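Engineer: Pasting in a structure now, in structure tokens, and then I'll have a few things to ask.
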Amino acid sequence: MENSEAIALTAALLAAAGDLTKRINDGVVARGFEGVRPAHGFAFARLAPDGATATDLAAHLGITKQAASQLVDELVRKGYVERRPHPGDARARLVVLTESGWACTRAAEEAALEAVRPWVELLGESEVRVLCDRLARIAPYGPLRPTW
């Protein structure tokens with residue numbers, strides 16, 4: 001692969017990721033979830049299905065523990081998460097999605113389906129599945145780390 005091809009590939013992947021993030025967030029907001037931003041969605045992805053500690057969330061998002069605690073405070077104020085006693089560690093608190101948090105997550109899933117629908121129309125369902133498989137092979141455990 002030539003340098004110019006590598007740059008084109010990275011630019012295309014970053015553009016696709018940015019576009020998907022914007023479309024999903026816009027779709028969530030259009031469904032009535034005001035005040036959410038992409039970082040919230042990336043946090044929800046880690047909190048579902050069983051919750052996580054602020055430390056787990058910090059590692060997942062690639063942010064400091066202090067920033068994760070501030071994000072959790074914000075999500076608690078907005079009613080999307082709540083803190084509970086951790087079942088395995090008396091010193092820790094488990095952050096879990098509330099019903100509003102789960103509803104927002106379902107809205108994001110619906111918005112994601114809408115966001116990739118044009119890809120399916122352009123490439124066909126089987127090629128989109130192949131694309132998904134290939135990307136999962138490249139980054140099987142890649143954390144979701146927003147920068148905004």
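Ordering of the structure tokens sets the chain letters (A, B, ...); residue numbers start at 1 within each chain; ligands are numbered from 1 in the order shown.
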So that I can see what lies close to stretch 78-81 of chain A, please list as an MDAnalysis selection string the residues with an atom at most 8 Å from it, counting only C-alpha atoms and leaving out residues fewer than 3 positions away in the same chain.

Structural biologist: chainID A and resid 72 74:75 95:102

Engineer: Let me see the file: selected residues, N, CA and C atoms, as a short mmCIF file (atom, residue, chain, number, x, y, z; two decimals), in the first residue's frame.

Structural biologist:
data_model
loop_
_atom_site.label_atom_id
_atom_site.label_comp_id
_atom_site.auth_asym_id
_atom_site.auth_seq_id
_atom_site.Cartn_x
_atom_site.Cartn_y
_atom_site.Cartn_z
N VAL A 72 -20.10 11.21 35.03
CA VAL A 72 -21.13 10.47 35.77
C VAL A 72 -22.03 11.45 36.53
N GLU A 74 -22.77 14.47 35.74
CA GLU A 74 -23.64 15.10 34.74
C GLU A 74 -24.77 14.16 34.33
N LEU A 75 -24.44 12.89 34.11
CA LEU A 75 -25.46 11.92 33.68
C LEU A 75 -26.45 11.62 34.80
N VAL A 95 -22.13 2.30 38.54
CA VAL A 95 -22.93 3.26 37.77
C VAL A 95 -23.76 2.44 36.79
N VAL A 96 -25.07 2.60 36.86
CA VAL A 96 -25.98 1.83 36.00
C VAL A 96 -26.94 2.78 35.29
N LEU A 97 -27.41 2.34 34.14
CA LEU A 97 -28.38 3.11 33.39
C LEU A 97 -29.74 3.08 34.09
N THR A 98 -30.41 4.21 34.09
CA THR A 98 -31.80 4.28 34.57
C THR A 98 -32.71 3.91 33.39
N GLU A 99 -33.99 3.92 33.62
CA GLU A 99 -34.93 3.66 32.52
C GLU A 99 -34.74 4.70 31.42
N SER A 100 -34.50 5.96 31.79
CA SER A 100 -34.24 7.00 30.78
C SER A 100 -32.96 6.71 30.01
N GLY A 101 -31.96 6.21 30.71
CA GLY A 101 -30.71 5.83 30.05
C GLY A 101 -30.91 4.70 29.06
N TRP A 102 -31.71 3.70 29.47
CA TRP A 102 -32.01 2.60 28.55
C TRP A 102 -32.83 3.08 27.36
#

Engineer: I want to know what sits within 10 Å of A:Gly41, based on only C-alpha atoms, with residues of the same chain fewer than 5 positions away left out; could you give that as a list in words?

Structural biologist: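 So the residues in contact are Thr21, Ile24, Asn25, Val28, Val36, Arg46, Leu47, Gly101, Cys104, Thr105, Ala108, Leu144 and Pro146 of chain A.
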
Engineer: Export N, CA and C atoms of the chosen residues as a compact mmCIF listing (two decimals), in the first residue's frame?

Structural biologist:
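Once written, out-v2.txt looks like this:
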# COMPACT_ATOMS: atom_id res chain seq x y z
N THR A 21 -21.24 9.13 14.01
CA THR A 21 -21.41 9.69 15.34
C THR A 21 -22.40 10.85 15.31
N ILE A 24 -26.03 9.55 14.50
CA ILE A 24 -26.62 8.86 15.64
C ILE A 24 -27.01 9.87 16.72
N ASN A 25 -26.10 10.79 17.04
CA ASN A 25 -26.42 11.79 18.06
C ASN A 25 -27.60 12.66 17.63
N VAL A 28 -30.76 10.70 18.12
CA VAL A 28 -31.14 10.60 19.53
C VAL A 28 -31.81 11.90 19.98
N VAL A 36 -28.01 15.57 25.23
CA VAL A 36 -27.05 14.47 25.11
C VAL A 36 -26.01 14.84 24.07
N ARG A 46 -20.54 1.46 27.47
CA ARG A 46 -19.79 0.73 28.49
C ARG A 46 -20.67 0.35 29.67
N LEU A 47 -21.65 1.19 29.97
CA LEU A 47 -22.50 0.94 31.14
C LEU A 47 -23.51 -0.18 30.90
N GLY A 101 -31.96 6.21 30.71
CA GLY A 101 -30.71 5.83 30.05
C GLY A 101 -30.91 4.70 29.06
N CYS A 104 -32.73 6.05 26.04
CA CYS A 104 -31.80 6.78 25.19
C CYS A 104 -30.93 5.80 24.39
N THR A 105 -30.53 4.71 25.02
CA THR A 105 -29.74 3.69 24.33
C THR A 105 -30.54 3.07 23.19
N ALA A 108 -30.64 5.42 20.36
CA ALA A 108 -29.36 5.39 19.63
C ALA A 108 -29.29 4.19 18.69
N LEU A 144 -14.20 2.82 22.74
CA LEU A 144 -14.86 3.95 22.11
C LEU A 144 -14.39 5.20 22.85
N PRO A 146 -14.29 9.11 22.61
CA PRO A 146 -14.62 10.37 21.98
C PRO A 146 -13.59 11.44 22.30

Engineer: Leaving out A:Ala43 and any residue of its chain fewer than 4 positions from it, which residues lie within 9 Å of it when counting only C-alpha atoms, given as a list in words?

Structural biologist: Pro38, Ala39, Leu47, Ala48, Leu57, His60, Leu61, Leu71, Val72 and Leu144 of chain A

Engineer: Measuring atom to atom with only C-alpha atoms, identify which of A:Glu5, A:Leu135, A:Leu20, A:Ala52 is nearest to A:Pro85.

Structural biologist: A:Ala52

Engineer: If you run DSSP on the backbone here, which positions in stretch 62-135 of chain A get strand (DSSP E)? Please write them as a list in words.

Structural biologist: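 Filtering stretch 62-135 of chain A to strand (DSSP E) leaves Val81, Glu82, Arg83, Arg84, Pro85, Arg93, Leu94, Val95, Val96 and Leu97 of chain A.
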
Engineer: Enumerate the residues of stretch 22-80 of chain A with a DSSP assignment of alpha helix (DSSP H), computed from the backbone, and present them as a PDB file with N, CA, C and O atoms, in the first residue's frame.

Structural biologist:
ATOM      1  N   LYS A  22     -22.241  11.737  14.340  1.00  0.00           N
ATOM      2  CA  LYS A  22     -23.144  12.886  14.225  1.00  0.00           C
ATOM      3  C   LYS A  22     -24.565  12.436  13.916  1.00  0.00           C
ATOM      4  O   LYS A  22     -25.525  12.912  14.530  1.00  0.00           O
ATOM      5  N   ARG A  23     -24.727  11.510  12.963  1.00  0.00           N
ATOM      6  CA  ARG A  23     -26.067  11.049  12.604  1.00  0.00           C
ATOM      7  C   ARG A  23     -26.769  10.362  13.774  1.00  0.00           C
ATOM      8  O   ARG A  23     -27.957  10.560  14.001  1.00  0.00           O
ATOM      9  N   ILE A  24     -26.027   9.553  14.500  1.00  0.00           N
ATOM     10  CA  ILE A  24     -26.624   8.859  15.642  1.00  0.00           C
ATOM     11  C   ILE A  24     -27.006   9.869  16.718  1.00  0.00           C
ATOM     12  O   ILE A  24     -28.122   9.840  17.245  1.00  0.00           O
ATOM     13  N   ASN A  25     -26.103  10.792  17.039  1.00  0.00           N
ATOM     14  CA  ASN A  25     -26.421  11.787  18.059  1.00  0.00           C
ATOM     15  C   ASN A  25     -27.597  12.656  17.629  1.00  0.00           C
ATOM     16  O   ASN A  25     -28.508  12.920  18.428  1.00  0.00           O
ATOM     17  N   ASP A  26     -27.608  13.084  16.370  1.00  0.00           N
ATOM     18  CA  ASP A  26     -28.737  13.877  15.875  1.00  0.00           C
ATOM     19  C   ASP A  26     -30.043  13.085  15.965  1.00  0.00           C
ATOM     20  O   ASP A  26     -31.086  13.639  16.304  1.00  0.00           O
ATOM     21  N   GLY A  27     -29.979  11.788  15.672  1.00  0.00           N
ATOM     22  CA  GLY A  27     -31.165  10.940  15.756  1.00  0.00           C
ATOM     23  C   GLY A  27     -31.669  10.785  17.173  1.00  0.00           C
ATOM     24  O   GLY A  27     -32.883  10.752  17.421  1.00  0.00           O
ATOM     25  N   VAL A  28     -30.758  10.703  18.121  1.00  0.00           N
ATOM     26  CA  VAL A  28     -31.137  10.597  19.533  1.00  0.00           C
ATOM     27  C   VAL A  28     -31.809  11.899  19.979  1.00  0.00           C
ATOM     28  O   VAL A  28     -32.866  11.878  20.619  1.00  0.00           O
ATOM     29  N   VAL A  29     -31.218  13.023  19.622  1.00  0.00           N
ATOM     30  CA  VAL A  29     -31.791  14.320  19.987  1.00  0.00           C
ATOM     31  C   VAL A  29     -33.164  14.482  19.341  1.00  0.00           C
ATOM     32  O   VAL A  29     -34.116  14.946  19.983  1.00  0.00           O
ATOM     33  N   ALA A  30     -33.301  14.067  18.075  1.00  0.00           N
ATOM     34  CA  ALA A  30     -34.591  14.174  17.376  1.00  0.00           C
ATOM     35  C   ALA A  30     -35.666  13.322  18.039  1.00  0.00           C
ATOM     36  O   ALA A  30     -36.853  13.603  17.900  1.00  0.00           O
ATOM     37  N   PRO A  38     -22.261  13.042  22.030  1.00  0.00           N
ATOM     38  CA  PRO A  38     -21.653  11.746  21.707  1.00  0.00           C
ATOM     39  C   PRO A  38     -20.935  11.086  22.879  1.00  0.00           C
ATOM     40  O   PRO A  38     -21.021   9.862  23.042  1.00  0.00           O
ATOM     41  N   ALA A  39     -20.263  11.857  23.710  1.00  0.00           N
ATOM     42  CA  ALA A  39     -19.558  11.256  24.851  1.00  0.00           C
ATOM     43  C   ALA A  39     -20.506  10.476  25.747  1.00  0.00           C
ATOM     44  O   ALA A  39     -20.134   9.446  26.315  1.00  0.00           O
ATOM     45  N   HIS A  40     -21.750  10.946  25.875  1.00  0.00           N
ATOM     46  CA  HIS A  40     -22.735  10.232  26.685  1.00  0.00           C
ATOM     47  C   HIS A  40     -23.012   8.866  26.077  1.00  0.00           C
ATOM     48  O   HIS A  40     -23.085   7.856  26.780  1.00  0.00           O
ATOM     49  N   GLY A  41     -23.194   8.848  24.768  1.00  0.00           N
ATOM     50  CA  GLY A  41     -23.457   7.574  24.095  1.00  0.00           C
ATOM     51  C   GLY A  41     -22.315   6.594  24.246  1.00  0.00           C
ATOM     52  O   GLY A  41     -22.528   5.400  24.461  1.00  0.00           O
ATOM     53  N   PHE A  42     -21.076   7.100  24.154  1.00  0.00           N
ATOM     54  CA  PHE A  42     -19.921   6.223  24.331  1.00  0.00           C
ATOM     55  C   PHE A  42     -19.876   5.681  25.757  1.00  0.00           C
ATOM     56  O   PHE A  42     -19.509   4.528  25.987  1.00  0.00           O
ATOM     57  N   ALA A  43     -20.290   6.494  26.723  1.00  0.00           N
ATOM     58  CA  ALA A  43     -20.359   6.022  28.110  1.00  0.00           C
ATOM     59  C   ALA A  43     -21.461   4.984  28.268  1.00  0.00           C
ATOM     60  O   ALA A  43     -21.263   3.949  28.917  1.00  0.00           O
ATOM     61  N   PHE A  44     -22.627   5.235  27.652  1.00  0.00           N
ATOM     62  CA  PHE A  44     -23.731   4.273  27.743  1.00  0.00           C
ATOM     63  C   PHE A  44     -23.316   2.912  27.206  1.00  0.00           C
ATOM     64  O   PHE A  44     -23.743   1.876  27.724  1.00  0.00           O
ATOM     65  N   ALA A  45     -22.507   2.908  26.148  1.00  0.00           N
ATOM     66  CA  ALA A  45     -22.063   1.643  25.559  1.00  0.00           C
ATOM     67  C   ALA A  45     -21.286   0.813  26.580  1.00  0.00           C
ATOM     68  O   ALA A  45     -21.374  -0.416  26.588  1.00  0.00           O
ATOM     69  N   ARG A  46     -20.543   1.458  27.465  1.00  0.00           N
ATOM     70  CA  ARG A  46     -19.789   0.729  28.490  1.00  0.00           C
ATOM     71  C   ARG A  46     -20.673   0.351  29.670  1.00  0.00           C
ATOM     72  O   ARG A  46     -20.488  -0.681  30.300  1.00  0.00           O
ATOM     73  N   LEU A  47     -21.653   1.191  29.975  1.00  0.00           N
ATOM     74  CA  LEU A  47     -22.502   0.937  31.137  1.00  0.00           C
ATOM     75  C   LEU A  47     -23.513  -0.175  30.897  1.00  0.00           C
ATOM     76  O   LEU A  47     -23.938  -0.836  31.840  1.00  0.00           O
ATOM     77  N   ALA A  54     -16.732   4.173  37.878  1.00  0.00           N
ATOM     78  CA  ALA A  54     -16.181   5.352  37.207  1.00  0.00           C
ATOM     79  C   ALA A  54     -14.776   5.051  36.692  1.00  0.00           C
ATOM     80  O   ALA A  54     -14.381   5.534  35.629  1.00  0.00           O
ATOM     81  N   THR A  55     -14.033   4.223  37.412  1.00  0.00           N
ATOM     82  CA  THR A  55     -12.688   3.833  36.964  1.00  0.00           C
ATOM     83  C   THR A  55     -12.772   3.032  35.673  1.00  0.00           C
ATOM     84  O   THR A  55     -11.985   3.262  34.740  1.00  0.00           O
ATOM     85  N   ASP A  56     -13.721   2.091  35.595  1.00  0.00           N
ATOM     86  CA  ASP A  56     -13.923   1.323  34.358  1.00  0.00           C
ATOM     87  C   ASP A  56     -14.288   2.257  33.208  1.00  0.00           C
ATOM     88  O   ASP A  56     -13.803   2.105  32.080  1.00  0.00           O
ATOM     89  N   LEU A  57     -15.152   3.185  33.497  1.00  0.00           N
ATOM     90  CA  LEU A  57     -15.606   4.136  32.486  1.00  0.00           C
ATOM     91  C   LEU A  57     -14.443   5.004  32.002  1.00  0.00           C
ATOM     92  O   LEU A  57     -14.300   5.250  30.801  1.00  0.00           O
ATOM     93  N   ALA A  58     -13.603   5.440  32.918  1.00  0.00           N
ATOM     94  CA  ALA A  58     -12.436   6.243  32.549  1.00  0.00           C
ATOM     95  C   ALA A  58     -11.525   5.470  31.601  1.00  0.00           C
ATOM     96  O   ALA A  58     -11.072   6.007  30.583  1.00  0.00           O
ATOM     97  N   ALA A  59     -11.277   4.211  31.916  1.00  0.00           N
ATOM     98  CA  ALA A  59     -10.421   3.391  31.045  1.00  0.00           C
ATOM     99  C   ALA A  59     -11.059   3.206  29.678  1.00  0.00           C
ATOM    100  O   ALA A  59     -10.383   3.281  28.645  1.00  0.00           O
ATOM    101  N   HIS A  60     -12.348   2.988  29.647  1.00  0.00           N
ATOM    102  CA  HIS A  60     -13.067   2.780  28.387  1.00  0.00           C
ATOM    103  C   HIS A  60     -13.027   4.021  27.502  1.00  0.00           C
ATOM    104  O   HIS A  60     -12.855   3.928  26.289  1.00  0.00           O
ATOM    105  N   LEU A  61     -13.189   5.181  28.112  1.00  0.00           N
ATOM    106  CA  LEU A  61     -13.245   6.426  27.352  1.00  0.00           C
ATOM    107  C   LEU A  61     -11.874   7.058  27.127  1.00  0.00           C
ATOM    108  O   LEU A  61     -11.750   8.013  26.365  1.00  0.00           O
ATOM    109  N   LYS A  65      -9.837   9.591  35.759  1.00  0.00           N
ATOM    110  CA  LYS A  65     -10.896   9.199  36.685  1.00  0.00           C
ATOM    111  C   LYS A  65     -11.720  10.410  37.115  1.00  0.00           C
ATOM    112  O   LYS A  65     -12.935  10.319  37.271  1.00  0.00           O
ATOM    113  N   GLN A  66     -11.055  11.545  37.284  1.00  0.00           N
ATOM    114  CA  GLN A  66     -11.766  12.770  37.656  1.00  0.00           C
ATOM    115  C   GLN A  66     -12.748  13.174  36.561  1.00  0.00           C
ATOM    116  O   GLN A  66     -13.899  13.521  36.846  1.00  0.00           O
ATOM    117  N   ALA A  67     -12.322  13.111  35.301  1.00  0.00           N
ATOM    118  CA  ALA A  67     -13.218  13.462  34.190  1.00  0.00           C
ATOM    119  C   ALA A  67     -14.381  12.477  34.109  1.00  0.00           C
ATOM    120  O   ALA A  67     -15.522  12.880  33.846  1.00  0.00           O
ATOM    121  N   ALA A  68     -14.104  11.196  34.363  1.00  0.00           N
ATOM    122  CA  ALA A  68     -15.178  10.202  34.356  1.00  0.00           C
ATOM    123  C   ALA A  68     -16.171  10.477  35.473  1.00  0.00           C
ATOM    124  O   ALA A  68     -17.384  10.372  35.269  1.00  0.00           O
ATOM    125  N   SER A  69     -15.687  10.848  36.646  1.00  0.00           N
ATOM    126  CA  SER A  69     -16.585  11.179  37.763  1.00  0.00           C
ATOM    127  C   SER A  69     -17.444  12.390  37.428  1.00  0.00           C
ATOM    128  O   SER A  69     -18.640  12.413  37.750  1.00  0.00           O
ATOM    129  N   GLN A  70     -16.854  13.378  36.756  1.00  0.00           N
ATOM    130  CA  GLN A  70     -17.634  14.553  36.350  1.00  0.00           C
ATOM    131  C   GLN A  70     -18.696  14.169  35.320  1.00  0.00           C
ATOM    132  O   GLN A  70     -19.824  14.665  35.378  1.00  0.00           O
ATOM    133  N   LEU A  71     -18.332  13.284  34.384  1.00  0.00           N
ATOM    134  CA  LEU A  71     -19.299  12.816  33.393  1.00  0.00           C
ATOM    135  C   LEU A  71     -20.439  12.063  34.079  1.00  0.00           C
ATOM    136  O   LEU A  71     -21.612  12.276  33.767  1.00  0.00           O
ATOM    137  N   VAL A  72     -20.102  11.208  35.034  1.00  0.00           N
ATOM    138  CA  VAL A  72     -21.131  10.471  35.770  1.00  0.00           C
ATOM    139  C   VAL A  72     -22.027  11.448  36.534  1.00  0.00           C
ATOM    140  O   VAL A  72     -23.258  11.306  36.507  1.00  0.00           O
ATOM    141  N   ASP A  73     -21.436  12.446  37.182  1.00  0.00           N
ATOM    142  CA  ASP A  73     -22.245  13.455  37.888  1.00  0.00           C
ATOM    143  C   ASP A  73     -23.237  14.107  36.933  1.00  0.00           C
ATOM    144  O   ASP A  73     -24.417  14.283  37.269  1.00  0.00           O
ATOM    145  N   GLU A  74     -22.770  14.471  35.741  1.00  0.00           N
ATOM    146  CA  GLU A  74     -23.639  15.099  34.741  1.00  0.00           C
ATOM    147  C   GLU A  74     -24.771  14.157  34.332  1.00  0.00           C
ATOM    148  O   GLU A  74     -25.933  14.569  34.247  1.00  0.00           O
ATOM    149  N   LEU A  75     -24.440  12.894  34.107  1.00  0.00           N
ATOM    150  CA  LEU A  75     -25.457  11.922  33.684  1.00  0.00           C
ATOM    151  C   LEU A  75     -26.451  11.625  34.801  1.00  0.00           C
ATOM    152  O   LEU A  75     -27.629  11.371  34.532  1.00  0.00           O
ATOM    153  N   VAL A  76     -26.003  11.658  36.052  1.00  0.00           N
ATOM    154  CA  VAL A  76     -26.914  11.504  37.192  1.00  0.00           C
ATOM    155  C   VAL A  76     -27.886  12.684  37.225  1.00  0.00           C
ATOM    156  O   VAL A  76     -29.101  12.498  37.366  1.00  0.00           O
ATOM    157  N   ARG A  77     -27.353  13.920  37.075  1.00  0.00           N
ATOM    158  CA  ARG A  77     -28.218  15.113  37.091  1.00  0.00           C
ATOM    159  C   ARG A  77     -29.259  15.062  35.977  1.00  0.00           C
ATOM    160  O   ARG A  77     -30.394  15.492  36.174  1.00  0.00           O
TER     161      ARG A  77
END

Engineer: Find the residue from A:Glu121, A:Leu113, A:Ala107, A:Thr53 that sits nearest to A:Gly88; use only C-alpha atoms when measuring.

Structural biologist: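 Looking only at the distances to A:Gly88, the closest residue turns out to be A:Thr53.
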
Engineer: Between atom CA of A:Gly62 and atom CA of A:Cys132, measure the distance and give it in Å to one decimal.

Structural biologist: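 Here the two named atoms are 23.5 Å from each other.
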